[in-house]
$ cat entry21.cif   # mmCIF, C-alpha atoms
data_entry
loop_
_atom_site.label_atom_id
_atom_site.label_comp_id
_atom_site.auth_asym_id
_atom_site.auth_seq_id
_atom_site.Cartn_x
_atom_site.Cartn_y
_atom_site.Cartn_z
CA MET A 1 0.00 0.00 0.00
CA THR A 2 1.37 3.41 -0.96
CA ALA A 3 0.84 6.73 0.82
CA HIS A 4 -1.75 7.60 -1.82
CA ASP A 5 -3.80 4.54 -0.86
CA LEU A 6 -4.02 5.45 2.83
CA PRO A 7 -7.35 7.01 3.89
CA ALA A 8 -7.50 10.53 5.27
CA VAL A 9 -8.94 11.06 8.74
CA ASN A 10 -10.68 14.21 9.93
CA VAL A 11 -9.54 15.14 13.45
CA VAL A 12 -10.89 18.25 15.18
CA ILE A 13 -8.22 20.18 17.12
CA HIS A 14 -9.53 22.39 19.91
CA ALA A 15 -7.89 25.80 20.43
CA SER A 16 -6.43 24.53 23.72
CA GLN A 17 -4.06 22.43 21.61
CA PHE A 18 -3.18 25.02 18.98
CA PRO A 19 0.61 25.46 18.59
CA GLU A 20 0.76 28.85 20.31
CA LYS A 21 -1.19 27.56 23.30
CA VAL A 22 0.93 24.41 23.56
CA ARG A 23 4.06 26.57 23.41
CA ARG A 24 2.83 28.79 26.25
CA ASP A 25 1.90 25.76 28.34
CA LEU A 26 5.31 24.17 27.77
CA LEU A 27 7.22 27.30 28.73
CA GLU A 28 4.98 27.78 31.75
CA SER A 29 5.65 24.19 32.83
CA LEU A 30 9.40 24.70 32.63
CA HIS A 31 9.31 28.05 34.43
CA ALA A 32 7.13 26.64 37.21
CA ARG A 33 9.14 23.37 37.38
CA GLN A 34 5.80 21.55 37.20
CA VAL A 35 5.11 19.65 33.99
CA ASN A 36 1.61 19.72 32.58
CA HIS A 37 0.47 16.09 32.28
CA LYS A 38 -0.38 16.55 28.64
CA PHE A 39 3.28 16.75 27.65
CA HIS A 40 3.72 13.07 28.51
CA TYR A 41 1.35 12.15 25.66
CA ASP A 42 2.56 14.70 23.11
CA SER A 43 4.44 12.54 20.62
CA VAL A 44 3.79 9.22 18.92
CA LYS A 45 6.75 7.80 20.85
CA GLN A 46 5.26 8.86 24.20
CA THR A 47 1.88 7.45 23.23
CA GLN A 48 3.46 4.10 22.36
CA LYS A 49 5.32 4.04 25.69
CA TRP A 50 2.13 4.82 27.61
CA LEU A 51 0.18 2.12 25.77
CA ALA A 52 2.92 -0.41 26.63
CA LEU A 53 2.79 0.73 30.28
CA HIS A 54 -0.98 0.44 30.33
CA GLN A 55 -0.84 -3.03 28.81
CA ALA A 56 1.62 -4.20 31.46
CA TYR A 57 0.16 -2.63 34.60
CA SER A 58 -3.48 -1.69 34.07
CA PRO A 59 -5.86 -3.83 36.15
CA THR A 60 -8.35 -3.78 33.28
CA ARG A 61 -5.82 -5.78 31.25
CA ASN A 62 -4.50 -8.02 33.99
CA ASP A 63 -7.24 -8.50 36.58
CA ALA A 64 -10.36 -10.44 35.62
CA ASP A 65 -12.34 -9.00 38.54
CA CYS A 66 -11.55 -5.46 37.42
CA ALA A 67 -12.53 -6.19 33.83
CA ALA A 68 -15.76 -7.68 35.12
CA ILE A 69 -16.57 -4.45 36.98
CA TYR A 70 -16.47 -2.53 33.72
CA ASP A 71 -18.37 -5.17 31.77
CA ARG A 72 -21.20 -5.29 34.32
CA GLY A 73 -21.26 -1.52 34.52
CA PHE A 74 -21.40 -1.21 30.74
CA ALA A 75 -24.24 -3.73 30.63
CA ALA A 76 -26.18 -1.75 33.25
CA ALA A 77 -25.63 1.53 31.40
CA ALA A 78 -26.59 0.02 28.04
CA ALA A 79 -29.80 -1.36 29.56
CA ARG A 80 -30.64 2.04 31.02
CA VAL A 81 -30.41 3.85 27.67
CA LYS A 82 -33.74 3.73 25.83
CA ALA A 83 -32.94 6.08 22.94
CA LYS A 84 -32.56 4.63 19.47
CA ALA A 85 -29.24 6.45 18.94
CA VAL A 86 -26.41 6.92 21.44
CA HIS A 87 -23.30 9.07 21.25
CA VAL A 88 -20.40 7.88 23.44
CA ILE A 89 -18.01 10.73 24.29
CA SER A 90 -14.77 9.52 25.85
CA LEU A 91 -12.77 12.10 27.83
CA GLY A 92 -9.19 10.86 28.09
CA CYS A 93 -9.92 8.01 25.69
CA GLY A 94 -6.51 6.34 25.83
CA GLY A 95 -6.45 3.38 23.47
CA GLY A 96 -10.26 3.17 23.38
CA GLN A 97 -10.56 -0.45 24.56
CA LYS A 98 -13.08 0.22 27.34
CA ASP A 99 -15.18 2.47 25.14
CA THR A 100 -15.28 -0.14 22.40
CA ARG A 101 -16.62 -2.73 24.85
CA LEU A 102 -19.42 -0.31 25.71
CA LEU A 103 -20.08 0.44 22.03
CA LYS A 104 -20.37 -3.31 21.30
CA LEU A 105 -23.07 -3.70 23.93
CA LEU A 106 -25.00 -0.70 22.67
CA LYS A 107 -24.81 -2.00 19.10
CA LYS A 108 -25.91 -5.45 20.23
CA ALA A 109 -28.92 -3.81 21.89
CA GLY A 110 -29.92 -2.36 18.52
CA ARG A 111 -28.77 1.20 19.14
CA GLN A 112 -27.30 3.39 16.43
CA ILE A 113 -23.89 4.32 17.82
CA TYR A 114 -21.60 7.34 17.49
CA TYR A 115 -18.23 7.87 19.12
CA THR A 116 -16.02 10.85 19.99
CA PRO A 117 -12.60 9.81 21.30
CA CYS A 118 -11.19 12.86 23.09
CA ASP A 119 -7.64 13.15 24.35
CA VAL A 120 -4.82 15.65 24.56
CA SER A 121 -2.82 13.53 22.11
CA ALA A 122 -3.64 13.30 18.41
CA ALA A 123 -1.87 9.95 18.27
CA MET A 124 -4.01 8.66 21.12
CA VAL A 125 -7.34 9.62 19.57
CA LEU A 126 -6.28 7.95 16.32
CA VAL A 127 -5.47 4.75 18.22
CA ALA A 128 -8.88 4.89 19.95
CA ARG A 129 -10.57 5.59 16.64
CA GLN A 130 -8.93 2.58 15.03
CA THR A 131 -10.01 0.37 17.95
CA ALA A 132 -13.62 1.57 17.75
CA LEU A 133 -13.87 1.08 13.98
CA ALA A 134 -14.25 -2.62 14.71
CA VAL A 135 -17.83 -1.89 15.77
CA LEU A 136 -18.92 1.34 14.06
CA PRO A 137 -18.50 2.99 10.63
CA GLU A 138 -15.94 5.74 10.05
CA LYS A 139 -18.65 8.31 9.42
CA ASN A 140 -19.91 7.87 12.99
CA CYS A 141 -16.53 8.55 14.64
CA PHE A 142 -15.43 12.10 15.47
CA PRO A 143 -11.86 12.27 16.88
CA PHE A 144 -11.32 15.35 19.04
CA VAL A 145 -8.01 16.66 20.44
CA CYS A 146 -8.44 18.87 23.48
CA ASP A 147 -6.79 19.87 26.77
CA LEU A 148 -9.52 19.19 29.32
CA ALA A 149 -7.70 21.16 32.00
CA THR A 150 -7.78 24.47 30.13
CA ALA A 151 -10.74 24.24 27.73
CA ASP A 152 -13.67 26.28 29.05
CA ASP A 153 -16.15 25.61 26.26
CA LEU A 154 -16.46 21.84 26.27
CA PRO A 155 -20.30 21.69 26.11
CA ALA A 156 -20.27 23.70 22.89
CA ASN A 157 -17.49 21.66 21.29
CA LEU A 158 -18.11 18.09 22.36
CA GLY A 159 -20.59 16.21 20.28
CA SER A 160 -21.14 16.36 16.55
CA ARG A 161 -23.86 18.51 15.03
CA PHE A 162 -25.15 15.23 13.57
CA THR A 163 -25.75 13.82 17.06
CA PHE A 164 -26.94 16.86 18.98
CA HIS A 165 -30.40 15.40 19.55
CA VAL A 166 -29.35 11.84 20.46
CA SER A 167 -28.71 10.45 23.92
CA ARG A 168 -25.14 10.78 25.18
CA ILE A 169 -22.91 8.68 27.42
CA THR A 170 -19.76 10.47 28.53
CA THR A 171 -16.94 8.31 29.90
CA PHE A 172 -14.11 9.47 32.16
CA PHE A 173 -11.94 6.49 33.08
CA GLY A 174 -8.67 6.66 35.00
CA MET A 175 -8.53 10.45 34.79
CA ILE A 176 -9.74 11.82 38.13
CA PRO A 177 -6.41 11.21 39.94
CA ASN A 178 -4.69 13.60 37.50
CA PHE A 179 -6.91 16.58 38.32
CA GLU A 180 -7.68 18.76 41.31
CA PRO A 181 -11.29 17.82 42.24
CA GLN A 182 -12.52 21.41 42.37
CA ILE A 183 -11.31 21.94 38.81
CA ILE A 184 -12.49 18.84 36.98
CA LEU A 185 -15.81 18.07 38.69
CA PRO A 186 -17.56 21.29 37.56
CA LYS A 187 -16.33 20.62 34.00
CA LEU A 188 -17.87 17.17 34.09
CA ALA A 189 -21.06 18.59 35.53
CA SER A 190 -21.42 20.99 32.61
CA LEU A 191 -21.40 18.14 30.09
CA VAL A 192 -24.29 16.07 31.41
CA ARG A 193 -27.69 16.96 29.98
CA PRO A 194 -31.03 15.58 31.18
CA LYS A 195 -31.23 11.85 30.35
CA ASP A 196 -27.48 11.69 29.61
CA LEU A 197 -25.11 9.44 31.55
CA LEU A 198 -21.60 10.08 32.83
CA LEU A 199 -19.60 6.91 33.56
CA PHE A 200 -16.36 7.23 35.48
CA SER A 201 -13.91 5.28 37.58
CA ALA A 202 -12.18 6.50 40.73
CA ASN A 203 -9.10 5.26 42.59
CA LEU A 204 -9.22 5.02 46.38
CA ALA A 205 -6.39 4.66 48.86
CA PRO A 206 -6.57 1.28 50.63
CA GLY A 207 -7.61 0.80 54.24
CA ASN A 208 -8.82 3.15 56.93
CA ASN A 209 -5.37 4.63 57.60
CA TYR A 210 -4.86 7.08 54.75
CA ALA A 211 -1.12 7.63 55.30
CA ALA A 212 -0.45 3.89 55.48
CA GLY A 213 -2.57 3.28 52.39
CA MET A 214 -0.61 5.83 50.39
CA LYS A 215 2.69 4.20 51.39
CA LYS A 216 1.32 0.84 50.34
CA ILE A 217 0.56 1.94 46.77
CA LEU A 218 3.70 4.08 46.29
CA PRO A 219 5.80 1.20 44.87
CA GLN A 220 3.14 0.53 42.24
CA TYR A 221 4.09 3.75 40.46
CA ASN A 222 7.82 3.15 40.65
CA ASN A 223 8.53 0.66 37.87
CA PRO A 224 10.80 0.64 34.79
CA LEU A 225 8.05 1.32 32.23
CA THR A 226 6.66 4.30 34.15
CA ARG A 227 10.15 5.72 34.65
CA ASP A 228 10.97 5.34 30.98
CA TRP A 229 7.70 6.96 29.94
CA LEU A 230 8.04 9.95 32.29
CA MET A 231 11.71 10.53 31.47
CA THR A 232 10.98 10.76 27.74
CA PHE A 233 9.76 14.34 28.19
CA LEU A 234 13.03 15.51 29.74
CA LEU A 235 15.27 13.46 27.45
CA ASP A 236 13.60 14.96 24.37
CA LEU A 237 14.36 18.44 25.73
CA GLY A 238 18.06 17.69 26.13
CA VAL A 239 18.27 16.57 29.75
CA GLU A 240 20.41 13.46 30.29
CA ARG A 241 19.64 10.58 32.63
CA SER A 242 22.95 11.18 34.39
CA ASP A 243 21.87 14.74 35.26
CA GLY A 244 19.92 13.49 38.26
CA LYS A 245 17.48 10.94 39.66
CA LEU A 246 13.77 10.34 39.20
CA ARG A 247 12.13 10.07 42.62
CA PHE A 248 8.64 9.20 43.81
CA LYS A 249 7.20 10.56 47.03
CA ILE A 250 3.95 11.27 48.87
CA GLU A 251 2.98 14.85 49.61
CA ALA A 252 -0.06 16.87 50.66
CA ASP A 253 -2.28 18.04 47.83
CA ARG A 254 -3.48 21.62 47.53
CA THR A 255 -6.95 20.36 48.38
CA PRO A 256 -7.08 20.09 52.21
CA GLY A 257 -7.08 16.51 53.41
CA LEU A 258 -5.87 14.93 50.17
CA LYS A 259 -2.50 13.41 49.38
CA ARG A 260 -0.86 12.60 46.09
CA ILE A 261 2.00 10.54 44.72
CA VAL A 262 4.48 12.81 42.98
CA ALA A 263 7.19 11.90 40.49
CA GLY A 264 9.99 14.46 40.31
CA PHE A 265 13.40 14.61 38.67
CA HIS A 266 16.03 15.78 41.15
CA PHE A 267 19.05 17.37 39.48
CA THR A 268 22.41 16.38 40.91
CA ARG A 269 24.30 18.52 38.42
CA SER A 270 23.47 21.63 36.42
CA ARG A 271 21.83 21.39 33.03
CA ARG A 272 21.07 24.14 30.52
CA ILE A 273 18.49 23.64 27.79
CA GLU A 274 17.11 25.84 25.00
CA VAL A 275 13.39 25.68 24.26
CA ASP A 276 11.81 27.83 21.57
CA GLY A 277 14.32 30.64 22.01
CA GLU A 278 14.28 30.61 25.81
CA THR A 279 17.05 29.35 28.05
CA PHE A 280 16.31 27.27 31.14
CA ASN A 281 19.00 26.59 33.72
CA PHE A 282 18.43 23.74 36.12
CA HIS A 283 20.86 23.78 39.03
CA ALA A 284 22.07 20.94 41.22
CA GLY A 285 19.55 20.48 44.03
CA GLU A 286 16.54 21.60 41.97
CA THR A 287 13.56 19.35 41.26
CA ILE A 288 11.06 19.47 38.42
CA ARG A 289 7.74 17.74 39.01
CA LEU A 290 6.91 15.38 36.18
CA SER A 291 3.61 13.92 37.34
CA PHE A 292 1.20 13.48 40.24
CA ARG A 293 -1.65 11.09 41.07
CA ILE A 294 -4.23 11.82 43.75
CA ALA A 295 -5.64 8.87 45.69
CA THR A 296 -8.78 9.74 47.62
CA PRO A 297 -9.31 8.38 51.15
CA ARG A 298 -12.54 6.49 51.68
CA SER A 299 -13.53 8.88 54.47
CA MET A 300 -13.40 11.92 52.16
CA SER A 301 -14.83 10.44 48.95
CA ALA A 302 -18.36 11.63 49.69
CA LYS A 303 -17.11 15.21 50.05
CA PHE A 304 -15.83 15.26 46.49
CA LEU A 305 -17.87 12.66 44.66
CA GLY A 306 -21.34 12.45 45.99
CA ASP A 307 -24.04 12.01 48.55
CA ALA A 308 -25.23 9.51 51.14
CA VAL A 309 -25.55 6.74 48.55
CA TRP A 310 -21.81 6.93 47.92
CA ARG A 311 -21.05 7.33 51.62
CA SER A 312 -22.98 4.24 52.68
CA ALA A 313 -21.32 2.14 49.97
CA ILE A 314 -17.84 3.28 50.99
CA ASN A 315 -18.34 2.51 54.68
CA GLY A 316 -18.88 -1.16 53.92
CA LEU A 317 -15.74 -1.70 51.86
CA PRO A 318 -12.91 -4.08 52.71
CA SER A 319 -9.48 -2.59 53.26
CA ARG A 320 -7.49 -3.10 50.08
CA ARG A 321 -7.18 -0.58 47.27
CA ARG A 322 -10.22 -0.35 45.01
CA ARG A 323 -11.42 0.97 41.72
CA ALA A 324 -15.00 2.19 41.69
CA PHE A 325 -17.35 2.40 38.74
CA PHE A 326 -20.19 4.91 38.88
CA TRP A 327 -22.65 6.80 36.81
CA TRP A 328 -24.05 10.28 37.16
CA SER A 329 -27.48 10.75 35.64
CA ALA A 330 -30.12 13.42 35.05
CA GLY A 331 -27.52 16.14 34.91
CA LEU A 332 -25.58 17.92 37.62
CA ARG A 333 -26.95 21.26 38.69
CA PRO A 334 -25.84 24.13 40.91
CA GLY A 335 -27.10 23.79 44.46
CA ALA A 336 -27.19 26.12 47.43
CA LYS A 337 -24.56 28.87 47.51
CA GLY A 338 -23.24 27.80 44.10
CA ALA A 339 -22.03 24.42 45.29
CA LEU A 340 -22.59 21.47 42.99
CA GLU A 341 -25.31 19.07 43.98
CA PHE A 342 -24.15 15.73 42.68
CA LYS A 343 -26.71 13.10 41.84
CA LEU A 344 -24.60 10.01 42.18
CA GLN A 345 -25.83 6.50 41.71
CA LEU A 346 -23.65 3.45 42.26
CA VAL A 347 -23.82 1.11 39.27
CA TRP A 348 -21.81 -1.73 40.72
CA LYS A 349 -20.44 -1.89 44.21
CA ILE A 350 -16.72 -1.41 44.44
CA CYS A 351 -14.83 -4.65 43.94
CA GLU A 352 -11.62 -5.61 45.68
CA MET A 353 -8.53 -5.35 43.52
CA THR A 354 -4.85 -4.53 43.50
CA ARG A 355 -2.77 -3.02 40.73
#
$ encode --input "entry21.cif" --output "structure tokens"
Amino acid sequence: MTAHDLPAVNVVIHASQFPEKVRRDLLESLHARQVNHKFHYDSVKQTQKWLALHQAYSPTRNDADCAAIYDRGFAAAAARVKAKAVHVISLGCGGGQKDTRLLKLLKKAGRQIYYTPCDVSAAMVLVARQTALAVLPEKNCFPFVCDLATADDLPANLGSRFTFHVSRITTFFGMIPNFEPQIILPKLASLVRPKDLLLFSANLAPGNNYAAGMKKILPQYNNPLTRDWLMTFLLDLGVERSDGKLRFKIEADRTPGLKRIVAGFHFTRSRRIEVDGETFNFHAGETIRLSFRIATPRSMSAKFLGDAVWRSAINGLPSRRRRAFFWWSAGLRPGAKGALEFKLQLVWKICEMTR
């Protein structure tokens, strides 16, 4: 097959990922010594490394109980949808495997299906698109590249004009730990219309002792594939491995009561790099944060994620680390004093699992 035989693909690029915006975000990350997560998915090489990491360590690939949680949740969501046509919008689509399982069930139920894989990486949305084409035609797939953290017009941009009047299921899997709750939850709330569904997973720290639970999961993030993936960003900028050490630690989050696992590169010698006409000097003793993951304690989950339904489910959990699968339905609306009133309904009770 020659280049002329390859099909063209229409991919919508949101303004949050236009070159000038990406440049500003990159320079801001380097000035602040805190890397925006999106720069770990920027290139095809980084996407391939992340997919390999996900294949090796993701519970959905390696734990039958975890896969069953999603399958039962997808079945429950598919049964709940009564519309003839359904548009699945995947925020942080990754490789699209989970979404495709949901799409298969909806198709099997006789629904006309549409799909928008949304990610910060163009390479990632193309991978998700290719995965989903096993169950839906190309004309019903609308790849969308967007930075969820900075885009403030998602309701107007997500969803094709061809599917505006159909029922929507928005998915948000494995993404909550990468965002401050007060930033991402209102964005999610704005996307759910009456009769729409929002499906998402959440990671919880194990046990009743939050500090001990965080220490228990710390080694799970410190593995060769994760290190290689995170270091790619710095190596591509001109930093050398011998310039320092990649370290993982637990620290307090900006949100009171929360903790996060932080990966940072600690410089043991000075390094000067040039990026888009600007010079950055990293001195021995400095650290640049490459990534963070928030794990929510069971005792605080209700504060950020829901109401008494969530609280009563959490109180009955065993002690090991969990992944939860939920849906939000009937929209999320402002409550008293501008706070969000979350209508949360547990699809399947949290199942015991380890990474």
$ resolve_selection --input "entry21.cif" --expression "the PyMOL selection byres ((chain A and resi 125) around 10)" --output "VMD selection string"
chain A and resid 11 90 92 to 96 116 to 124 126 to 131 142 to 145
$ residues_near_point --input "entry21.cif" --point "(-22.7, 9.1, 23.3)" --cutoff "10 Å" --atoms "all atoms listed in the file" --output "ChimeraX atom specification"
/A:85-90,103,113-116,159,163-164,166-171,196-198
$ resolve_selection --input "entry21.cif" --expression "the PyMOL selection byres ((chain A and resi 244) around 12)" --output "ChimeraX atom specification"
/A:231,234-235,239-243,245-247,264-271,282-288
$ closest_residue --input "entry21.cif" --among "A:Gly110, A:Gln48, A:Asn209, A:Asn178" --to "Leu290 of chain A" --atoms "all atoms listed in the file"
A:Asn178
$ atom_distance --input "entry21.cif" --atom1 "atom CA of Lys259 of chain A" --atom2 "atom CA of Gly213 of chain A"
10.6 Å
$ residues_near_point --input "entry21.cif" --point "(0.6, 22.4, 23.4)" --cutoff "10 Å" --atoms "only C-alpha atoms" --output "JSON, numbers by chain"
{"A": [15, 16, 17, 18, 19, 20, 21, 22, 23, 24, 25, 26, 27, 36, 38, 39, 42, 120, 121, 146, 147]}
